[in-house]
Every structure is written in structure tokens, then in C-alpha cells.
$ cat work_32.tsv   # TSV, C-alpha atoms
chain	number	residue	atom	x	y	z
A	29	MET	CA	307.46	234.47	73.30
A	30	GLU	CA	308.53	233.29	69.86
A	31	GLY	CA	306.57	230.03	70.13
A	32	GLU	CA	303.27	231.87	70.23
A	33	GLU	CA	303.97	233.65	67.00
A	34	GLU	CA	302.02	232.73	63.96
A	35	GLY	CA	303.44	229.94	61.81
A	36	GLU	CA	305.38	227.02	63.15
A	37	ASP	CA	309.13	226.95	63.33
A	38	PRO	CA	310.15	225.14	60.09
A	39	ARG	CA	312.70	223.14	62.09
A	40	TRP	CA	309.85	221.22	63.72
A	41	GLU	CA	308.89	219.78	60.36
A	42	LEU	CA	312.43	218.56	59.87
A	43	ILE	CA	312.52	217.06	63.36
A	44	ARG	CA	309.23	215.27	62.79
A	45	GLN	CA	310.61	213.81	59.60
A	46	LEU	CA	313.79	212.70	61.28
A	47	VAL	CA	311.88	211.11	64.14
A	48	GLU	CA	309.67	209.27	61.70
A	49	TYR	CA	312.66	208.07	59.70
A	50	LYS	CA	314.29	206.90	62.93
A	51	LYS	CA	311.22	204.82	63.73
A	52	PHE	CA	311.44	203.04	60.41
A	53	LYS	CA	315.17	202.60	60.75
A	54	ASP	CA	314.52	200.80	64.04
A	55	ALA	CA	311.77	198.76	62.44
A	56	ALA	CA	314.18	197.79	59.69
A	57	ALA	CA	316.68	196.64	62.32
A	58	GLN	CA	313.96	194.48	63.87
A	59	LEU	CA	313.11	193.02	60.48
A	60	GLN	CA	316.76	192.15	60.01
A	61	VAL	CA	316.78	190.30	63.31
A	62	LEU	CA	313.68	188.42	62.17
A	63	GLU	CA	315.27	187.66	58.82
A	64	VAL	CA	318.31	186.12	60.44
A	65	ALA	CA	316.16	184.22	62.93
A	66	ARG	CA	313.94	182.82	60.19
A	67	GLU	CA	316.89	181.87	58.05
A	68	ASN	CA	318.34	179.87	60.90
A	69	THR	CA	315.08	178.20	61.75
A	70	PHE	CA	314.50	174.82	60.20
A	71	PRO	CA	311.08	173.30	59.84
A	72	ARG	CA	310.41	169.68	60.58
A	73	LEU	CA	309.14	168.03	57.41
A	74	PRO	CA	308.65	164.38	58.24
A	75	ILE	CA	308.04	161.65	55.72
A	76	LYS	CA	304.49	160.47	55.33
A	77	PRO	CA	303.53	158.14	58.17
A	78	GLU	CA	303.16	154.58	56.94
A	79	PHE	CA	300.34	152.44	58.14
A	80	GLU	CA	300.00	148.69	57.89
A	81	ALA	CA	297.73	148.73	54.84
A	82	GLU	CA	300.13	150.87	52.83
A	83	ARG	CA	303.13	148.75	53.73
A	84	ALA	CA	301.54	145.66	52.24
A	85	ALA	CA	301.36	147.41	48.88
A	86	VAL	CA	305.11	148.01	48.81
A	87	LYS	CA	306.80	145.50	46.53
A	88	PRO	CA	310.56	145.55	46.82
A	89	GLU	CA	312.48	144.76	43.70
A	90	VAL	CA	314.43	141.55	43.68
A	91	SER	CA	318.21	141.65	43.50
A	92	ILE	CA	320.36	139.62	41.11
A	93	PHE	CA	321.41	137.43	44.03
A	94	ASP	CA	317.81	136.55	44.85
A	95	LEU	CA	317.35	135.54	41.21
A	96	LEU	CA	320.55	133.48	41.21
A	97	ASN	CA	319.46	131.65	44.35
A	98	ALA	CA	316.08	130.99	42.84
A	99	VAL	CA	317.50	129.65	39.58
A	100	ASN	CA	319.94	127.47	41.48
A	101	THR	CA	316.99	125.82	43.19
A	102	VAL	CA	315.42	125.16	39.80
A	103	LEU	CA	318.68	123.79	38.42
A	104	GLN	CA	318.91	121.23	41.21
A	105	ARG	CA	316.05	119.40	39.49
A	106	PHE	CA	318.40	118.50	36.66
A	107	THR	CA	321.55	117.52	38.50
A	108	LYS	CA	320.81	113.83	38.28
A	109	ARG	CA	318.74	113.53	35.18
A	110	ASP	CA	321.37	115.02	32.90
A	111	ASP	CA	323.79	112.19	33.66
A	112	LEU	CA	321.37	109.65	32.28
A	113	ARG	CA	321.48	111.10	28.81
A	114	ASP	CA	324.56	111.17	26.68
A	115	ILE	CA	323.31	113.50	24.02
A	116	PHE	CA	320.46	115.90	23.99
A	117	GLU	CA	319.40	118.31	21.35
A	118	ASP	CA	320.03	121.88	22.30
A	119	LYS	CA	317.05	123.40	20.62
A	120	TRP	CA	316.50	126.58	22.62
A	121	THR	CA	318.06	129.97	22.02
A	122	VAL	CA	317.88	132.97	24.29
A	123	SER	CA	316.01	134.99	21.68
A	124	GLU	CA	313.35	132.32	21.38
A	125	LYS	CA	312.97	132.31	25.13
A	126	ILE	CA	312.72	136.11	25.22
A	127	GLU	CA	309.88	135.84	22.75
A	128	GLN	CA	308.21	133.10	24.77
A	129	VAL	CA	308.44	134.94	28.07
A	130	MET	CA	307.10	138.16	26.57
A	131	LYS	CA	304.23	136.27	24.94
A	132	ALA	CA	303.31	134.55	28.20
A	133	LEU	CA	303.44	137.85	30.05
A	134	THR	CA	301.27	139.59	27.48
A	135	GLU	CA	298.70	136.84	27.81
A	136	ARG	CA	298.74	136.39	31.55
A	137	GLY	CA	300.00	139.67	32.96
A	138	ARG	CA	302.26	138.10	35.57
A	139	LEU	CA	304.15	134.88	36.11
A	140	THR	CA	305.73	133.39	39.16
A	141	PHE	CA	309.38	132.50	38.97
A	142	SER	CA	308.68	128.77	39.16
A	143	GLU	CA	306.08	128.98	36.39
A	144	LEU	CA	308.78	130.31	34.10
A	145	PHE	CA	310.70	127.07	34.49
A	146	ALA	CA	307.81	124.65	34.90
A	147	GLN	CA	308.03	123.45	31.28
A	148	ALA	CA	311.81	123.32	31.14
A	149	ALA	CA	313.03	119.87	30.20
A	150	SER	CA	316.76	120.34	30.44
A	151	ARG	CA	319.41	122.22	32.27
A	152	SER	CA	320.28	124.20	29.18
A	153	GLU	CA	316.67	125.21	28.71
A	154	VAL	CA	316.59	126.57	32.26
A	155	VAL	CA	319.78	128.49	31.57
A	156	CYS	CA	318.32	129.88	28.32
A	157	THR	CA	315.16	130.99	30.06
A	158	PHE	CA	317.15	132.55	32.88
A	159	LEU	CA	319.38	134.46	30.46
A	160	ALA	CA	316.27	135.62	28.62
A	161	LEU	CA	314.89	136.84	31.93
A	162	LEU	CA	318.09	138.73	32.75
A	163	GLU	CA	318.16	140.22	29.28
A	164	LEU	CA	314.58	141.45	29.57
A	165	ILE	CA	315.32	142.95	32.97
A	166	ARG	CA	318.36	144.69	31.50
A	167	LEU	CA	316.23	146.06	28.66
A	168	LYS	CA	313.75	147.23	31.32
A	169	GLN	CA	310.98	145.23	29.69
A	170	LEU	CA	310.04	143.46	32.88
A	171	VAL	CA	310.61	143.60	36.61
A	172	CYS	CA	310.89	140.94	39.28
A	173	LEU	CA	309.10	141.66	42.52
A	174	GLN	CA	308.79	139.89	45.82
A	175	ALA	CA	305.78	140.84	47.92
A	176	GLU	CA	307.48	139.89	51.17
A	177	PRO	CA	310.63	138.07	52.29
A	178	PHE	CA	310.66	134.39	51.23
A	179	ALA	CA	307.60	134.84	49.04
A	180	GLU	CA	307.57	133.54	45.48
A	181	ILE	CA	309.30	135.92	43.07
A	182	GLU	CA	306.86	137.36	40.58
A	183	VAL	CA	307.67	138.55	37.07
A	184	THR	CA	305.63	141.31	35.47
A	185	ARG	CA	305.98	143.71	32.58
A	186	SER	CA	307.74	146.83	33.78
A	187	GLN	CA	305.56	149.91	34.08
A	188	ASN	CA	307.70	151.84	31.61
A	189	ALA	CA	307.45	149.10	29.03
A	190	ALA	CA	303.71	148.82	29.48
A	191	LEU	CA	303.34	152.58	29.04
A	192	ALA	CA	305.60	152.57	26.04
A	193	SER	CA	303.61	149.81	24.41
A	194	ASN	CA	300.44	151.81	24.94
A	195	ALA	CA	301.96	155.03	23.68
A	196	SER	CA	303.83	153.66	20.69
A	197	PRO	CA	303.93	150.10	19.44
A	198	THR	CA	307.61	150.42	18.52
A	199	GLY	CA	308.83	149.94	22.12
A	200	PRO	CA	308.52	146.30	23.10
A	201	THR	CA	307.74	145.12	19.60
A	202	SER	CA	311.22	146.10	18.55
A	203	VAL	CA	312.49	143.55	21.03
A	204	GLU	CA	309.99	141.01	19.81
A	205	SER	CA	310.82	141.58	16.17
A	206	ALA	CA	314.49	141.39	16.99
A	207	SER	CA	314.01	138.08	18.69
A	208	MET	CA	311.81	136.81	15.89
A	209	THR	CA	314.42	137.54	13.29
A	210	GLY	CA	316.68	135.45	15.41
A	211	LEU	CA	320.28	136.55	15.43
A	212	GLU	CA	320.14	138.72	12.36
A	213	PRO	CA	320.40	142.39	13.30
A	214	ALA	CA	317.21	144.17	12.37
A	215	ALA	CA	317.92	146.78	9.71
A	216	ASP	CA	317.02	150.45	10.24
A	217	ASN	CA	316.15	149.78	13.84
A	218	PRO	CA	318.77	150.84	16.35
A	219	SER	CA	316.98	149.50	19.40
A	220	GLY	CA	316.22	146.25	17.63
A	221	GLU	CA	319.84	145.98	16.71
A	222	THR	CA	320.96	146.22	20.32
A	223	ALA	CA	318.45	143.65	21.40
A	224	ALA	CA	319.49	141.24	18.66
A	225	SER	CA	323.20	141.70	19.22
A	226	THR	CA	322.95	141.27	22.97
A	227	ALA	CA	320.81	138.22	22.49
A	228	ASP	CA	323.58	136.96	20.23
A	229	GLU	CA	326.16	137.44	22.96
A	230	THR	CA	324.13	135.85	25.69
A	231	SER	CA	323.08	132.88	23.61
A	232	ALA	CA	326.70	131.90	23.02
A	233	PRO	CA	327.42	130.54	26.52
A	234	ALA	CA	323.92	129.13	26.70
A	235	SER	CA	324.37	126.90	23.68
A	236	ALA	CA	327.51	125.40	25.23
A	237	PRO	CA	326.61	122.25	27.11
A	238	GLN	CA	326.36	122.78	30.85
A	239	SER	CA	328.36	120.39	32.93
B	1	MET	CA	292.62	163.85	75.74
B	2	ASP	CA	293.75	167.44	75.54
B	3	LEU	CA	293.05	169.22	72.26
B	4	LYS	CA	296.50	170.82	72.27
B	5	PHE	CA	298.20	167.43	72.32
B	6	ILE	CA	296.01	166.15	69.50
B	7	LEU	CA	297.08	169.21	67.51
B	8	GLU	CA	300.68	168.62	68.50
B	9	SER	CA	300.59	165.08	67.12
B	10	ILE	CA	299.05	166.32	63.85
B	11	LEU	CA	301.71	169.01	63.40
B	12	PHE	CA	304.44	166.56	64.38
B	13	SER	CA	303.48	164.23	61.54
B	14	ALA	CA	302.32	166.76	58.94
B	15	GLN	CA	304.36	166.97	55.77
B	16	LYS	CA	303.74	170.69	55.40
B	17	PRO	CA	302.78	173.63	57.60
B	18	LEU	CA	299.06	173.56	58.37
B	19	SER	CA	296.67	176.49	58.63
B	20	VAL	CA	294.03	176.51	61.34
B	21	LYS	CA	291.42	175.74	58.70
B	22	GLU	CA	293.38	172.73	57.45
B	23	ILE	CA	293.77	171.46	61.01
B	24	ARG	CA	290.04	171.85	61.50
B	25	ASP	CA	289.44	169.84	58.32
B	26	VAL	CA	291.66	167.06	59.68
B	27	LEU	CA	289.65	166.96	62.88
B	28	GLY	CA	286.43	166.92	60.87
B	29	ASN	CA	287.61	164.08	58.61
B	30	ALA	CA	288.78	162.08	61.61
B	31	ALA	CA	285.32	162.40	63.14
B	32	GLU	CA	283.70	161.18	59.92
B	33	GLN	CA	285.96	158.14	59.71
B	34	ASP	CA	285.56	157.18	63.35
B	35	ASP	CA	282.45	158.48	65.07
B	36	ALA	CA	282.50	155.77	67.72
B	37	ASP	CA	285.17	157.54	69.79
B	38	ALA	CA	283.58	160.32	71.81
B	39	THR	CA	286.68	162.52	71.77
B	40	VAL	CA	287.10	162.21	68.02
B	41	LYS	CA	283.41	162.86	67.48
B	42	GLY	CA	283.42	165.81	69.87
B	43	LEU	CA	285.99	167.66	67.78
B	44	LYS	CA	283.99	167.42	64.59
B	45	LYS	CA	282.57	170.92	64.69
B	46	ILE	CA	285.18	172.70	66.70
B	47	LYS	CA	285.52	176.44	66.16
B	48	GLU	CA	288.63	177.82	64.50
B	49	ALA	CA	289.08	180.18	67.43
B	50	ASP	CA	289.30	177.21	69.80
B	51	VAL	CA	291.93	175.56	67.62
B	52	THR	CA	293.92	178.78	67.51
B	53	ALA	CA	293.69	179.17	71.28
B	54	ALA	CA	294.90	175.60	71.84
B	55	LEU	CA	297.76	176.12	69.39
B	56	GLU	CA	298.82	179.29	71.16
B	57	GLN	CA	298.75	177.53	74.48
B	58	LEU	CA	300.82	174.70	73.01
B	59	ALA	CA	303.33	177.20	71.61
B	60	GLN	CA	303.61	178.85	75.02
B	61	GLU	CA	304.24	175.50	76.69
B	62	HIS	CA	306.99	174.74	74.22
B	63	GLU	CA	308.43	178.19	74.91
B	64	ASP	CA	308.41	177.54	78.66
B	65	ALA	CA	309.94	174.09	78.24
B	66	LYS	CA	312.96	175.72	76.54
B	67	ARG	CA	313.62	172.78	74.29
B	68	SER	CA	315.47	172.99	70.97
B	69	TYR	CA	312.29	173.22	68.95
B	70	ARG	CA	309.05	175.17	68.98
B	71	VAL	CA	305.61	175.12	67.50
B	72	ALA	CA	305.56	178.24	65.35
B	73	CYS	CA	303.01	180.03	63.23
B	74	VAL	CA	304.55	181.35	60.02
B	75	ALA	CA	302.33	183.25	57.61
B	76	GLY	CA	299.21	181.72	59.12
B	77	SER	CA	300.41	178.12	59.07
B	78	TRP	CA	301.65	176.12	62.02
B	79	GLN	CA	304.67	173.85	62.04
B	80	PHE	CA	307.48	172.49	64.16
B	81	VAL	CA	310.71	174.46	63.80
B	82	THR	CA	314.10	174.32	65.45
B	83	GLN	CA	315.44	177.27	67.42
B	84	PRO	CA	317.83	179.59	65.50
B	85	GLU	CA	320.72	179.02	67.91
B	86	PHE	CA	321.05	175.43	66.71
B	87	SER	CA	321.54	176.44	63.09
B	88	PRO	CA	325.35	175.83	63.00
B	89	TRP	CA	324.78	172.12	63.48
B	90	LEU	CA	321.70	171.89	61.31
B	91	LYS	CA	323.45	173.68	58.47
B	92	ALA	CA	326.30	171.21	58.77
B	93	LEU	CA	323.77	168.38	58.84
B	94	VAL	CA	322.23	169.33	55.50
B	95	GLY	CA	325.43	170.79	54.04
B	96	VAL	CA	324.40	174.45	53.76
B	97	LYS	CA	327.07	177.14	54.12
B	98	ALA	CA	326.50	180.24	56.22
B	99	ARG	CA	325.94	183.36	54.13
B	100	PRO	CA	325.35	187.05	54.73
B	101	PRO	CA	321.76	188.33	55.08
B	102	ARG	CA	319.97	188.65	51.80
B	103	LEU	CA	318.43	192.11	52.32
B	104	SER	CA	320.54	195.29	52.37
B	105	GLN	CA	319.95	198.07	54.88
B	106	PRO	CA	318.13	200.35	52.35
B	107	ALA	CA	315.99	197.43	51.24
B	108	LEU	CA	315.04	196.61	54.82
B	109	GLU	CA	314.13	200.26	55.52
B	110	THR	CA	311.97	200.44	52.42
B	111	LEU	CA	310.37	197.15	53.38
B	112	ALA	CA	309.67	198.39	56.91
B	113	ILE	CA	307.98	201.53	55.60
B	114	ILE	CA	305.82	199.55	53.19
B	115	ALA	CA	305.01	196.96	55.84
B	116	TYR	CA	303.81	199.49	58.41
B	117	ARG	CA	302.30	202.12	56.14
B	118	GLN	CA	300.75	200.17	53.31
B	119	PRO	CA	299.08	201.07	51.03
B	120	ILE	CA	301.71	203.65	50.21
B	121	THR	CA	303.03	205.29	47.05
B	122	ARG	CA	306.64	205.35	46.03
B	123	ALA	CA	306.71	209.14	46.44
B	124	GLU	CA	305.61	208.80	50.05
B	125	VAL	CA	308.28	206.21	50.75
B	126	GLU	CA	310.87	208.54	49.24
B	127	GLN	CA	309.62	211.35	51.41
B	128	ILE	CA	310.20	209.35	54.57
B	129	ARG	CA	313.57	207.94	53.56
B	130	GLY	CA	314.69	211.16	51.88
B	131	VAL	CA	316.27	209.33	48.96
B	132	ASN	CA	315.21	207.81	45.70
B	133	VAL	CA	313.93	204.24	46.14
B	134	ASP	CA	313.63	203.24	42.49
B	135	ALA	CA	316.14	200.43	42.78
B	136	ARG	CA	314.42	198.96	45.89
B	137	CYS	CA	311.03	198.84	44.26
B	138	ARG	CA	312.07	196.71	41.34
B	139	PRO	CA	311.38	193.04	41.58
$ encode --input "work_32.tsv" --output "C-alpha cells"
Amino acid sequence: MEGEEEGEDPRWELIRQLVEYKKFKDAAAQLQVLEVARENTFPRLPIKPEFEAERAAVKPEVSIFDLLNAVNTVLQRFTKRDDLRDIFEDKWTVSEKIEQVMKALTERGRLTFSELFAQAASRSEVVCTFLALLELIRLKQLVCLQAEPFAEIEVTRSQNAALASNASPTGPTSVESASMTGLEPAADNPSGETAASTADETSAPASAPQS
Amino acid sequence: MDLKFILESILFSAQKPLSVKEIRDVLGNAAEQDDADATVKGLKKIKEADVTAALEQLAQEHEDAKRSYRVACVAGSWQFVTQPEFSPWLKALVGVKARPPRLSQPALETLAIIAYRQPITRAEVEQIRGVNVDARCRP
């Protein structure tokens, strides 16, 4: 009749504690199972569905080959005419053309590829303009976009350049000043120097007569 | 059209897990943009409980279909997930290496006690586990 005596057997307290601990130990094991399961579960995160309206806004950038094809078409205009003249004055340089293109873009915002060459009177002028275009693309001053396959290529100021010109006037103007000083490297202006020196390089083949 | 399949299509295309409230907002917005369609319009003021019920039914159907993926509710948000048993291939797909579980046994026990007994003091946790839990309680 020990159980009816006053005061509980102290061992019961210990057993209760052990039982409780066992419950949490089991719970912990379940949590571990859940942890492993969750870690091996991968959610599906699809890309945003595209609808027709959004797709029209996408403007893929034009590759160098698209540009070369386009300029070849322009150059075909001059295949015959050049033979008629023995001598022509080679008055354009790449830096002048860079300046001209940037000026036209500042005024008009965007140009089509054919507009760039509409005024060109000679094969060498087309080549100069084209080299200026490539140079400006390389300097990330402008981008060529094509709204859809076979559409006219459009030339616009690149977003970065536009932002830079808003934030600090040193960005694109350094290119402009470099081109304005012609082939003399702009002093105390590292970016201007690069622009001028590269313009120097690219103008060399351009000034050679095109056969 | 069955509500559960409408919800399924939303979750299938969603870029993040969606709570029942967010799903309800989608249904509401859809009704505002297109109130000509009777089904779309009818779901404008649907109760959250009805959405939850439809989601649970959808989840059960996926469970019964025993496919490689499920609709799952994690921390109150619903999403499509793959079943754990396919993880070897999915890890290889994304280039993740298998690694041991992140939580140690003592950490899991402490976590279990806090999870089931919260709010709870550190002293009470120690009383149950019988050992000092200082190290487990640090972030």
C-alpha cells in the first residue's frame, strides 16, 4: 500500500520528464524528415508569360553581320558611278562623321539606317559613315535596333549614353570634343584620348581609295 | 470552368508562391478587366475560404494522381513543387551537390520544443532537454 502514502514517488517526476523529452525527440526526428523533404523539393518558378502586346515592344539588337549586309546594299549604289570619275576629293574623315552622326541623333532622336547614308555622295563617304557608326557602337554611344525581322535598322543613342549625358556632360561630349579636335589627342582627358586615337586608326583605311 | 483549375493555371504561371489573399486579388483584378465573361465576373468577390477549399481539393487531386509534382502550401503561400524523390536529377540539372542536413540533432530538438511550446523561456527549454542550450539559441 505504498502508493497511497502521502507524497508522490519522486521517480514519477523523472519518468514524466523522460517521457516528455522523448516526445520532443520524436518531434525533432519528424522535423528532420521535413527538412530533408523540403530541401529536395524544388519550386516551379516560370518566366513571366509574354503576351502579344509585350512582344512587340521587344527590340532585338542588330548584329555586325546585319549591319554589313545593310551597308553592302548602300554601297551597291556607287559601284557604277565611281568608274565615271577619275579623281575625287576625299574630304571626309571618320571623326567628322562621328560628329555629324551624333549631332543628327541629338537633334532627331533616332535615324534609320538608310537616312544615315542618304546624303552620301561617294563610296568613301559611305565607308567613313559606316566606320563612324561602328566606332560609336563600340564606344557604346549608340545602339542599332531592328523592330522585327527585315524591318529597317534604326539607330538611336544608347540608354547608357543618354543617362550619362544627363548625369554629367563629360560623357558623350568627350567623344564630341575628341572628334572636333580632329586627330589630335585631347590633353588631360583619358576617354577623349581613346576616342581620338581610335578614330585615328579607323580613318586610315577609310582615306585609302576604295576600289 | 472549375475554380480549382483556374487556380491551377494561376499557380502554374506565377513567378512566386501566392498566398490565398494574393490569389483572390488576381481573381478580383481579372473581373475588373473583363466583366463581360460571367465566370470571370462571378469570381470577383469570392471568399478566401472558398479559394482555400478549392486549393486543398486541387492538392488532393495532385496527390492522388501520383505525378512528379504537387501543388503545395509552404508558409501560407501556394506553389508548384517537385516531389523530393526526384531531387537527384534536379540537383544534377541545376548543378547543386548533395550535402548533409543543415540542422544538428540538438538544434532540431531545441527547435521542436520551441515550435510546440512557444512562447517558452530558455530555462524551460533547458529543463526539458536537461542540458544547457545556450549555443542553440544564438543566431
$ interface_residues --input "work_32.tsv" --of "chain B" --to "chain A" --cutoff "8 Å" --atoms "all atoms listed in the file" --output "JSON, numbers by chain"
{"B": [12, 13, 14, 15, 16, 79, 80, 81, 82, 83, 84, 85, 86, 87, 90, 101, 103, 105, 108, 109, 111, 112, 113, 128, 129]}
$ closest_residue --input "work_32.tsv" --among "A:Ala179, A:Val154, A:Val90, A:Ala160" --to "Arg105 of chain A" --atoms "only C-alpha atoms"
A:Val154
$ atom_distance --input "work_32.tsv" --atom1 "atom CA of Leu159 of chain A" --atom2 "atom CA of Pro177 of chain A"
23.8 Å
$ atom_distance --input "work_32.tsv" --atom1 "atom CA of Leu170 of chain A" --atom2 "atom CA of Val122 of chain A"
15.7 Å
$ residues_near_point --input "work_32.tsv" --point "(312.3, 131.5, 51.9)" --cutoff "12 Å" --atoms "only C-alpha atoms" --output "MDAnalysis selection string"
chainID A and resid 94 97:98 101 174 176:181
$ atom_distance --input "work_32.tsv" --atom1 "atom CA of Glu89 of chain A" --atom2 "atom CA of Thr157 of chain A"
19.6 Å
$ axis_aligned_box --input "work_32.tsv" --around "segment 89-102 of chain B" --padding-each-side "8 Å" --output "JSON"
{"center_x": 323.5, "center_y": 178.5, "center_z": 57.6, "size_x": 23.1, "size_y": 36.3, "size_z": 27.7}
$ closest_residue --input "work_32.tsv" --among "B:His62, B:Lys44, B:Asp2, B:Leu11" --to "Leu27 of chain B" --atoms "all atoms listed in the file"
B:Lys44
$ residues_around --input "work_32.tsv" --residues "Thr184 of chain A" --least-positions-apart "6" --cutoff "9 Å" --atoms "all atoms listed in the file" --output "PDB file with C-alpha atoms, keeping the file's coordinate frame"
ATOM      1  CA  LEU A 133     303.440 137.850  30.050  1.00  0.00           C
ATOM      2  CA  GLY A 137     300.000 139.670  32.960  1.00  0.00           C
ATOM      3  CA  ARG A 138     302.260 138.100  35.570  1.00  0.00           C
ATOM      4  CA  LEU A 139     304.150 134.880  36.110  1.00  0.00           C
ATOM      5  CA  THR A 140     305.730 133.390  39.160  1.00  0.00           C
ATOM      6  CA  GLN A 169     310.980 145.230  29.690  1.00  0.00           C
ATOM      7  CA  LEU A 170     310.040 143.460  32.880  1.00  0.00           C
ATOM      8  CA  VAL A 171     310.610 143.600  36.610  1.00  0.00           C
ATOM      9  CA  CYS A 172     310.890 140.940  39.280  1.00  0.00           C
ATOM     10  CA  LEU A 173     309.100 141.660  42.520  1.00  0.00           C
TER      11      LEU A 173
END
$ decode --input "work_32.tsv" --residues "segment 7-24 of chain B" --atoms "N, CA and C atoms" --output "CSV table (one decimal), in the first residue's frame"
chain,number,residue,atom,x,y,z
B,7,LEU,N,-7.4,28.3,-60.6
B,7,LEU,CA,-6.3,28.5,-59.6
B,7,LEU,C,-5.0,27.7,-60.0
B,8,GLU,N,-5.2,26.5,-60.6
B,8,GLU,CA,-4.1,25.8,-61.0
B,8,GLU,C,-3.3,26.5,-62.1
B,9,SER,N,-4.1,27.1,-63.0
B,9,SER,CA,-3.4,27.8,-64.1
B,9,SER,C,-2.7,29.1,-63.6
B,10,ILE,N,-3.2,29.7,-62.6
B,10,ILE,CA,-2.6,30.9,-62.0
B,10,ILE,C,-1.3,30.5,-61.3
B,11,LEU,N,-1.3,29.4,-60.5
B,11,LEU,CA,-0.1,28.9,-59.8
B,11,LEU,C,0.9,28.4,-60.8
B,12,PHE,N,0.4,27.8,-61.9
B,12,PHE,CA,1.4,27.3,-62.9
B,12,PHE,C,2.2,28.4,-63.5
B,13,SER,N,1.6,29.6,-63.7
B,13,SER,CA,2.3,30.7,-64.4
B,13,SER,C,2.9,31.7,-63.4
B,14,ALA,N,2.6,31.6,-62.1
B,14,ALA,CA,3.0,32.6,-61.2
B,14,ALA,C,4.5,32.5,-61.0
B,15,GLN,N,5.1,33.7,-60.9
B,15,GLN,CA,6.6,33.8,-60.7
B,15,GLN,C,7.0,33.7,-59.3
B,16,LYS,N,6.1,33.6,-58.4
B,16,LYS,CA,6.4,33.4,-57.0
B,16,LYS,C,5.3,32.7,-56.3
B,17,PRO,N,5.5,32.1,-55.1
B,17,PRO,CA,4.4,31.5,-54.4
B,17,PRO,C,3.3,32.5,-54.1
B,18,LEU,N,2.1,32.1,-54.2
B,18,LEU,CA,1.0,33.1,-53.9
B,18,LEU,C,0.2,32.7,-52.7
B,19,SER,N,-0.1,33.7,-51.9
B,19,SER,CA,-1.0,33.5,-50.7
B,19,SER,C,-2.4,33.5,-51.2
B,20,VAL,N,-3.3,33.0,-50.4
B,20,VAL,CA,-4.7,32.9,-50.7
B,20,VAL,C,-5.2,34.4,-51.0
B,21,LYS,N,-4.8,35.3,-50.3
B,21,LYS,CA,-5.2,36.7,-50.5
B,21,LYS,C,-4.7,37.2,-51.8
B,22,GLU,N,-3.5,36.9,-52.2
B,22,GLU,CA,-2.9,37.3,-53.5
B,22,GLU,C,-3.7,36.7,-54.6
B,23,ILE,N,-4.1,35.4,-54.4
B,23,ILE,CA,-4.9,34.7,-55.5
B,23,ILE,C,-6.2,35.4,-55.6
B,24,ARG,N,-6.8,35.8,-54.5
B,24,ARG,CA,-8.1,36.4,-54.5
B,24,ARG,C,-8.0,37.8,-55.2
